[in-house]
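This is query02.csv (CSV, C-alpha atoms).
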```
chain,number,residue,atom,x,y,z
N,1,MET,CA,0.2,-15.0,-17.3
N,2,SER,CA,-1.7,-17.7,-15.3
N,3,GLY,CA,-2.2,-17.6,-11.6
N,4,ASP,CA,-4.9,-16.8,-9.1
N,5,ILE,CA,-5.6,-13.7,-7.1
N,6,ARG,CA,-4.9,-14.2,-3.4
N,7,VAL,CA,-6.9,-12.6,-0.7
N,8,VAL,CA,-5.8,-12.2,3.0
N,9,ASP,CA,-7.2,-10.6,6.1
N,10,PRO,CA,-4.1,-9.1,7.8
N,11,ALA,CA,-5.7,-9.8,11.2
N,12,ASP,CA,-5.2,-13.5,10.4
N,13,VAL,CA,-1.5,-13.2,9.8
N,14,ASP,CA,1.1,-14.0,12.5
N,15,ARG,CA,2.5,-10.9,14.2
N,16,THR,CA,6.2,-10.0,14.7
N,17,ALA,CA,7.7,-7.2,16.8
N,18,PRO,CA,11.0,-6.2,15.1
N,19,VAL,CA,11.6,-3.4,17.6
N,20,ALA,CA,9.9,-2.2,20.8
N,21,GLY,CA,6.6,-0.5,20.1
N,22,LEU,CA,6.2,-1.7,16.6
N,23,VAL,CA,4.0,-4.7,15.6
N,24,GLU,CA,4.0,-6.0,12.0
N,25,ARG,CA,1.9,-8.4,10.1
N,26,THR,CA,3.1,-9.4,6.6
N,27,ALA,CA,0.2,-10.1,4.3
N,28,PHE,CA,2.3,-10.8,1.3
N,29,HIS,CA,6.0,-11.2,0.4
N,30,VAL,CA,6.7,-11.3,-3.3
N,31,GLY,CA,10.2,-10.9,-4.6
N,32,ASP,CA,11.7,-7.7,-3.2
N,33,TYR,CA,8.4,-6.4,-2.0
N,34,ARG,CA,6.3,-7.0,1.1
N,35,LEU,CA,2.8,-5.7,2.0
N,36,VAL,CA,2.9,-5.1,5.8
N,37,LEU,CA,0.5,-3.8,8.4
N,38,PHE,CA,2.3,-1.7,11.0
N,39,ARG,CA,0.6,-1.2,14.4
N,40,ILE,CA,1.9,1.4,16.9
N,41,ASP,CA,0.3,1.4,20.3
N,42,GLU,CA,3.0,3.4,21.9
N,43,ASN,CA,6.2,5.1,20.8
N,44,SER,CA,8.5,2.8,18.8
N,45,SER,CA,12.2,2.5,19.2
N,46,TRP,CA,14.4,4.3,16.7
N,47,HIS,CA,15.2,1.9,13.8
N,48,VAL,CA,16.3,1.7,10.2
N,49,ARG,CA,15.5,-0.5,7.2
N,50,GLU,CA,17.7,-1.1,4.1
N,51,GLY,CA,14.7,-0.5,1.8
N,52,ALA,CA,12.1,2.2,1.3
N,53,ILE,CA,8.6,2.4,2.8
N,54,TYR,CA,5.5,3.4,0.8
N,55,GLY,CA,2.6,3.6,3.3
N,56,TRP,CA,-1.0,4.6,3.8
N,57,VAL,CA,-2.4,5.4,7.2
N,58,ARG,CA,-5.3,3.0,7.8
N,59,ALA,CA,-6.3,4.4,11.2
N,60,GLY,CA,-5.4,6.6,14.0
N,61,HIS,CA,-3.1,9.6,14.4
N,62,GLY,CA,0.5,10.1,15.4
N,63,ARG,CA,3.8,11.3,14.1
N,64,ILE,CA,6.9,9.9,12.4
N,65,ALA,CA,10.1,11.3,14.0
N,66,HIS,CA,13.4,11.7,12.1
N,67,GLY,CA,16.5,13.7,12.1
N,68,GLY,CA,17.0,14.5,15.8
N,69,GLU,CA,14.0,16.5,17.1
N,70,ARG,CA,12.1,16.6,13.8
N,71,ALA,CA,8.7,15.0,13.5
N,72,THR,CA,5.9,15.0,11.0
N,73,ASP,CA,2.2,14.5,11.8
N,74,LEU,CA,0.4,11.4,10.4
N,75,GLY,CA,-3.4,10.9,10.3
N,76,ALA,CA,-5.9,8.5,8.8
N,77,GLY,CA,-5.9,8.7,5.0
N,78,ASP,CA,-2.4,10.2,4.7
N,79,PHE,CA,0.3,8.6,2.4
N,80,LEU,CA,3.9,8.5,3.5
N,81,SER,CA,7.2,7.7,1.8
N,82,VAL,CA,10.3,6.9,3.8
N,83,PRO,CA,13.6,6.7,1.8
N,84,PRO,CA,15.9,3.8,2.1
N,85,ALA,CA,18.2,3.8,5.2
N,86,THR,CA,16.2,6.5,7.0
N,87,VAL,CA,16.5,6.4,10.7
N,88,HIS,CA,13.1,7.0,12.2
N,89,ARG,CA,10.5,6.0,14.8
N,90,TYR,CA,6.8,6.2,15.2
N,91,VAL,CA,5.1,8.3,17.9
N,92,ALA,CA,1.6,7.1,18.8
N,93,GLY,CA,-1.1,9.6,19.4
N,94,ARG,CA,-4.3,9.1,21.5
N,95,ASP,CA,-5.5,6.4,19.1
N,96,ARG,CA,-3.6,3.4,17.9
N,97,LEU,CA,-1.7,4.2,14.7
N,98,GLU,CA,-2.1,1.6,11.9
N,99,ILE,CA,-0.1,1.9,8.6
N,100,LEU,CA,-0.4,-0.4,5.6
N,101,ALA,CA,2.8,-0.2,3.6
N,102,VAL,CA,4.9,-1.8,0.9
N,103,VAL,CA,8.4,-2.3,2.1
N,104,THR,CA,11.2,-2.9,-0.4
N,105,GLY,CA,14.4,-4.8,-0.2
N,106,ASP,CA,15.8,-6.7,2.8
N,107,PRO,CA,13.0,-7.3,5.5
N,108,ASP,CA,15.4,-6.9,8.4
N,109,VAL,CA,14.8,-4.0,10.8
N,110,THR,CA,17.7,-2.7,12.9
N,111,ARG,CA,17.3,-0.8,16.2
N,112,VAL,CA,19.7,2.2,16.4
N,113,ALA,CA,20.4,5.1,18.6
N,114,ALA,CA,18.4,8.3,18.2
N,115,PRO,CA,19.9,10.6,15.5
N,116,THR,CA,21.4,13.9,16.7
N,117,THR,CA,21.5,15.7,13.4
N,118,ALA,CA,19.2,15.8,10.3
N,119,ASP,CA,20.0,14.0,7.1
N,120,GLU,CA,18.4,16.2,4.3
N,121,ASP,CA,18.5,13.2,1.9
N,122,ALA,CA,16.6,11.0,4.3
N,123,VAL,CA,13.4,12.9,5.1
N,124,PRO,CA,10.0,11.2,5.0
N,125,THR,CA,7.3,12.7,2.8
N,126,ILE,CA,3.7,12.9,3.8
N,127,VAL,CA,0.9,13.6,1.3
N,128,GLY,CA,-2.7,14.1,2.5
N,129,PRO,CA,-5.7,12.6,0.8
N,130,ASP,CA,-6.7,15.9,-0.7
N,131,ASP,CA,-3.4,16.4,-2.5
N,132,LEU,CA,-3.2,13.4,-4.8
N,133,VAL,CA,-2.7,13.7,-8.5
N,134,PRO,CA,-4.4,11.8,-11.4
N,135,THR,CA,-2.4,8.9,-12.8
N,136,VAL,CA,-2.8,5.9,-15.1
N,137,GLU,CA,-6.2,5.6,-16.6
N,138,SER,CA,-8.6,2.7,-17.2
N,139,PRO,CA,-12.3,2.9,-18.1
N,140,ASN,CA,-14.6,3.6,-15.2
N,141,LEU,CA,-11.9,3.9,-12.6
N,142,ILE,CA,-10.4,7.0,-11.0
N,143,ARG,CA,-6.7,6.5,-10.0
N,144,GLU,CA,-4.8,9.1,-8.0
N,145,THR,CA,-1.3,8.9,-6.5
N,146,PRO,CA,0.8,10.8,-4.0
N,147,PHE,CA,4.2,9.9,-5.5
N,148,PRO,CA,4.2,10.0,-9.3
N,149,GLY,CA,7.4,8.5,-10.8
N,150,ALA,CA,8.4,6.5,-7.7
N,151,GLU,CA,9.7,2.9,-7.9
N,152,VAL,CA,6.5,1.9,-6.1
N,153,LEU,CA,3.3,3.7,-7.2
N,154,PRO,CA,0.7,3.8,-4.4
N,155,MET,CA,-2.7,4.8,-5.6
N,156,ARG,CA,-6.2,5.5,-4.3
N,157,VAL,CA,-8.7,3.9,-6.7
N,158,ARG,CA,-12.4,4.8,-6.8
N,159,ALA,CA,-15.2,3.2,-8.6
N,160,ALA,CA,-18.8,4.2,-8.8
N,161,GLY,CA,-21.6,1.9,-7.7
N,162,GLY,CA,-22.1,-0.9,-10.2
N,163,ALA,CA,-19.0,0.2,-12.2
N,164,ALA,CA,-16.9,-2.3,-14.1
N,165,ALA,CA,-13.4,-1.3,-15.2
N,166,GLY,CA,-12.0,-2.2,-18.6
N,167,TRP,CA,-9.8,-5.3,-19.0
N,168,HIS,CA,-6.2,-4.6,-18.3
N,169,HIS,CA,-3.0,-5.9,-16.7
N,170,HIS,CA,-0.1,-4.3,-14.9
N,171,GLY,CA,2.9,-5.5,-16.9
N,172,ASP,CA,5.6,-7.1,-14.8
N,173,ASN,CA,4.7,-5.1,-11.6
N,174,VAL,CA,4.0,-6.7,-8.3
N,175,TYR,CA,0.5,-5.6,-7.5
N,176,PHE,CA,-0.9,-5.4,-3.9
N,177,GLY,CA,-4.2,-3.9,-2.8
N,178,TYR,CA,-6.6,-3.2,0.0
N,179,ALA,CA,-10.4,-2.7,0.2
N,180,VAL,CA,-11.2,0.4,2.2
N,181,ASP,CA,-14.9,1.1,2.4
N,182,GLY,CA,-16.7,-1.5,0.3
N,183,PRO,CA,-16.2,-4.9,-1.2
N,184,SER,CA,-14.9,-5.3,-4.8
N,185,GLU,CA,-14.9,-8.2,-7.2
N,186,THR,CA,-12.1,-8.8,-9.7
N,187,GLU,CA,-12.8,-10.9,-12.8
N,188,TYR,CA,-10.0,-12.8,-14.5
N,189,GLY,CA,-9.2,-16.2,-16.2
N,190,PRO,CA,-8.8,-17.2,-19.8
N,191,ALA,CA,-12.4,-16.3,-20.6
N,192,GLY,CA,-13.0,-14.0,-17.6
N,193,GLU,CA,-14.8,-16.9,-15.9
N,194,LYS,CA,-13.1,-16.5,-12.5
N,195,SER,CA,-13.9,-14.0,-9.8
N,196,SER,CA,-12.3,-13.0,-6.6
N,197,ARG,CA,-14.2,-11.0,-4.0
N,198,ILE,CA,-12.3,-8.7,-1.6
N,199,GLU,CA,-14.2,-7.6,1.5
N,200,ILE,CA,-13.6,-4.5,3.5
N,201,GLY,CA,-10.3,-4.7,5.4
N,202,GLU,CA,-8.9,-7.5,3.2
N,203,CYS,CA,-5.6,-7.3,1.2
N,204,PHE,CA,-5.0,-8.9,-2.1
N,205,HIS,CA,-2.3,-9.8,-4.6
N,206,VAL,CA,-2.7,-10.0,-8.4
N,207,PRO,CA,0.1,-11.9,-10.3
N,208,PRO,CA,2.1,-9.9,-12.9
N,209,ARG,CA,0.5,-9.8,-16.4
N,210,LEU,CA,-2.7,-11.3,-15.2
N,211,ILE,CA,-5.5,-9.8,-17.3
N,212,HIS,CA,-8.4,-8.8,-15.1
N,213,ARG,CA,-11.0,-6.1,-14.5
N,214,ASP,CA,-12.2,-4.6,-11.2
N,215,THR,CA,-15.9,-4.4,-10.5
N,216,ASN,CA,-18.0,-2.8,-7.8
N,217,PRO,CA,-20.8,-5.2,-6.9
N,218,THR,CA,-22.7,-2.6,-4.7
N,219,ASP,CA,-24.8,0.5,-5.4
N,220,THR,CA,-22.4,2.8,-3.6
N,221,ALA,CA,-19.0,4.1,-4.5
N,222,HIS,CA,-16.0,2.0,-3.5
N,223,THR,CA,-12.5,3.0,-2.6
N,224,GLY,CA,-9.3,0.9,-2.6
N,225,ILE,CA,-5.6,1.5,-2.0
N,226,ILE,CA,-3.2,-0.3,-4.4
N,227,TRP,CA,0.5,-0.5,-4.8
N,228,LEU,CA,2.2,-1.2,-8.2
N,229,CYS,CA,5.9,-2.2,-7.6
N,230,GLY,CA,8.4,-2.2,-10.4
N,231,GLY,CA,7.9,0.5,-13.0
N,232,GLU,CA,6.3,1.4,-16.3
N,233,PRO,CA,4.2,0.3,-18.0
N,234,TRP,CA,2.0,0.6,-14.9
N,235,VAL,CA,-1.2,-0.3,-16.7
N,236,VAL,CA,-1.8,-2.0,-20.1
N,237,ASN,CA,-5.4,-1.7,-21.3
N,238,VAL,CA,-6.6,-4.6,-23.5
N,239,GLU,CA,-9.7,-5.6,-25.4
N,240,GLY,CA,-10.6,-8.6,-23.3
N,241,PRO,CA,-9.4,-11.5,-21.1
N,242,GLU,CA,-8.0,-13.5,-24.1
```
Can the structure in the file be given as structure tokens, please?
Amino acid sequence: MSGDIRVVDPADVDRTAPVAGLVERTAFHVGDYRLVLFRIDENSSWHVREGAIYGWVRAGHGRIAHGGERATDLGAGDFLSVPPATVHRYVAGRDRLEILAVVTGDPDVTRVAAPTTADEDAVPTIVGPDDLVPTVESPNLIRETPFPGAEVLPMRVRAAGGAAAGWHHHGDNVYFGYAVDGPSETEYGPAGEKSSRIEIGECFHVPPRLIHRDTNPTDTAHTGIIWLCGGEPWVVNVEGPE
């Protein structure tokens, strides 16, 4: 499929405040999926979304409260999954809490009263960076996920210095990503002649079925966070860009 890779610095995106204590910057909105940067400087109001949240804690520490007095700790590097229609709020710690997340479905956020009882079917799941499991393979990339089999597959992707992945695409999935600790370059185009550079702290979107390969232009290892939204096949490895 044709198209270009888009790159955005979320700091350059207009901010919204859907409820008190929660600031959002939407980097991309594609179909039923949005890539959003949440910022929590203080405790947010209790609120609910129609869709699910698949997040990664970019910075800070805090908690996500749910089900009355229940709360789960969050720290930098953690992944979180919040089921649809889960009443919750964020509790800031000493540092500002920043969460980069894919949100599914309707973008509206509704402020609600604090829940008095726990809903066992609406409990956020937190997975630490040391508890990820290997997932879909491509040459020269290490991909690991906290939530295998989910509708949205978040992944931590690592590439050694100077590495170039094999050519591949992601089927019909909506594909978002974020550069954590080093720049990356993605090659694509009919003959592989195009290249998109993603600097540290930038988000990107790759169109469905766009054949590409990820490269690390530096001498040190690079880590990225990506989200594939839709379902299998998550990755289709191919011989080349044509």
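For the residues N:Gly62, N:Pro208, N:Pro107, N:Pro233, ranking by smallest atom-to-atom distance to N:Asp95 using only C-alpha atoms places N:Gly62 first.
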For N:Val112: contacts at 10 Å, only C-alpha atoms, fewer than 4 positions along chain excluded, given as a PyMOL selection string: chain N and resi 19+45-48+87-88
Applying 12 Å and all atoms listed in the file, which residues near N:Pro146 remain after dropping the ones on its own chain fewer than 4 positions away? List them as a PDB file with C-alpha atoms, in the frame of the given file.
```pdb
ATOM      1  CA  TYR N  54       5.500   3.400   0.800  1.00  0.00           C
ATOM      2  CA  GLY N  55       2.600   3.600   3.300  1.00  0.00           C
ATOM      3  CA  TRP N  56      -1.000   4.600   3.800  1.00  0.00           C
ATOM      4  CA  GLY N  77      -5.900   8.700   5.000  1.00  0.00           C
ATOM      5  CA  ASP N  78      -2.400  10.200   4.700  1.00  0.00           C
ATOM      6  CA  PHE N  79       0.300   8.600   2.400  1.00  0.00           C
ATOM      7  CA  LEU N  80       3.900   8.500   3.500  1.00  0.00           C
ATOM      8  CA  SER N  81       7.200   7.700   1.800  1.00  0.00           C
ATOM      9  CA  THR N 125       7.300  12.700   2.800  1.00  0.00           C
ATOM     10  CA  ILE N 126       3.700  12.900   3.800  1.00  0.00           C
ATOM     11  CA  VAL N 127       0.900  13.600   1.300  1.00  0.00           C
ATOM     12  CA  GLY N 128      -2.700  14.100   2.500  1.00  0.00           C
ATOM     13  CA  PRO N 129      -5.700  12.600   0.800  1.00  0.00           C
ATOM     14  CA  ASP N 130      -6.700  15.900  -0.700  1.00  0.00           C
ATOM     15  CA  ASP N 131      -3.400  16.400  -2.500  1.00  0.00           C
ATOM     16  CA  LEU N 132      -3.200  13.400  -4.800  1.00  0.00           C
ATOM     17  CA  VAL N 133      -2.700  13.700  -8.500  1.00  0.00           C
ATOM     18  CA  PRO N 134      -4.400  11.800 -11.400  1.00  0.00           C
ATOM     19  CA  THR N 135      -2.400   8.900 -12.800  1.00  0.00           C
ATOM     20  CA  ALA N 150       8.400   6.500  -7.700  1.00  0.00           C
ATOM     21  CA  VAL N 152       6.500   1.900  -6.100  1.00  0.00           C
ATOM     22  CA  LEU N 153       3.300   3.700  -7.200  1.00  0.00           C
ATOM     23  CA  PRO N 154       0.700   3.800  -4.400  1.00  0.00           C
ATOM     24  CA  MET N 155      -2.700   4.800  -5.600  1.00  0.00           C
ATOM     25  CA  ARG N 156      -6.200   5.500  -4.300  1.00  0.00           C
ATOM     26  CA  ILE N 225      -5.600   1.500  -2.000  1.00  0.00           C
ATOM     27  CA  ILE N 226      -3.200  -0.300  -4.400  1.00  0.00           C
ATOM     28  CA  TRP N 227       0.500  -0.500  -4.800  1.00  0.00           C
TER      29      TRP N 227
END
```
Could you tell me which of N:Leu100, N:Asn140, N:Glu232, N:Ala85 comes closest to N:Gly177 if we count only C-alpha atoms?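 The answer is N:Leu100, which sits nearest to N:Gly177.
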Selected residue of minimal separation from N:Asp41 among N:Tyr188, N:Tyr90, N:Phe204, N:Trp167, counting only C-alpha atoms: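 Of N:Tyr188, N:Tyr90, N:Phe204, N:Trp167, the one nearest N:Asp41, counting only C-alpha atoms, is N:Tyr90.
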So how far away is atom CA of N:Arg213 from atom CA of N:Glu185, in Å?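 Atom CA of N:Arg213 lies at a distance of 8.5 Å from atom CA of N:Glu185.
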What is the distance between atom CA of N:Ala52 and atom CA of N:Asp119, in Å to one decimal?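 Taking atom CA of N:Ala52 and atom CA of N:Asp119, their separation equals 15.3 Å.
Selecting by distance to (-7.3, -8.9, -8.6) with a limit of 9 Å and using only C-alpha atoms, one obtains N:Asp4, N:Ile5, N:Arg6, N:Val7, N:Tyr175, N:Phe176, N:Gly177, N:Glu185, N:Thr186, N:Glu187, N:Tyr188, N:Ser195, N:Ser196, N:Arg197, N:Ile198, N:Phe204, N:His205, N:Val206, N:Pro207, N:Leu210, N:Ile211, N:His212, N:Arg213, N:Asp214.
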With a distance cut-off of 8 Å and all atoms listed in the file, select the neighbouring residues of N:Arg209, excluding the residue or stretch itself and same-chain residues fewer than 2 positions from it, and output the selection as a ChimeraX atom specification. /N:1,169-173,207,211
So that I can see what lies close to N:Glu120, please list as a PyMOL selection string the residues with an atom at most 12 Å from it, counting all atoms listed in the file and leaving out residues fewer than 4 positions away in the same chain. chain N and resi 66-68+70+83+86-87+124-125
I need the residue nearest N:Glu239 from this list: N:Pro84, N:Gly166, N:Gly51, N:Pro18. Use only C-alpha atoms for the distance.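 The shortest atom-to-atom distance to N:Glu239 comes from N:Gly166.
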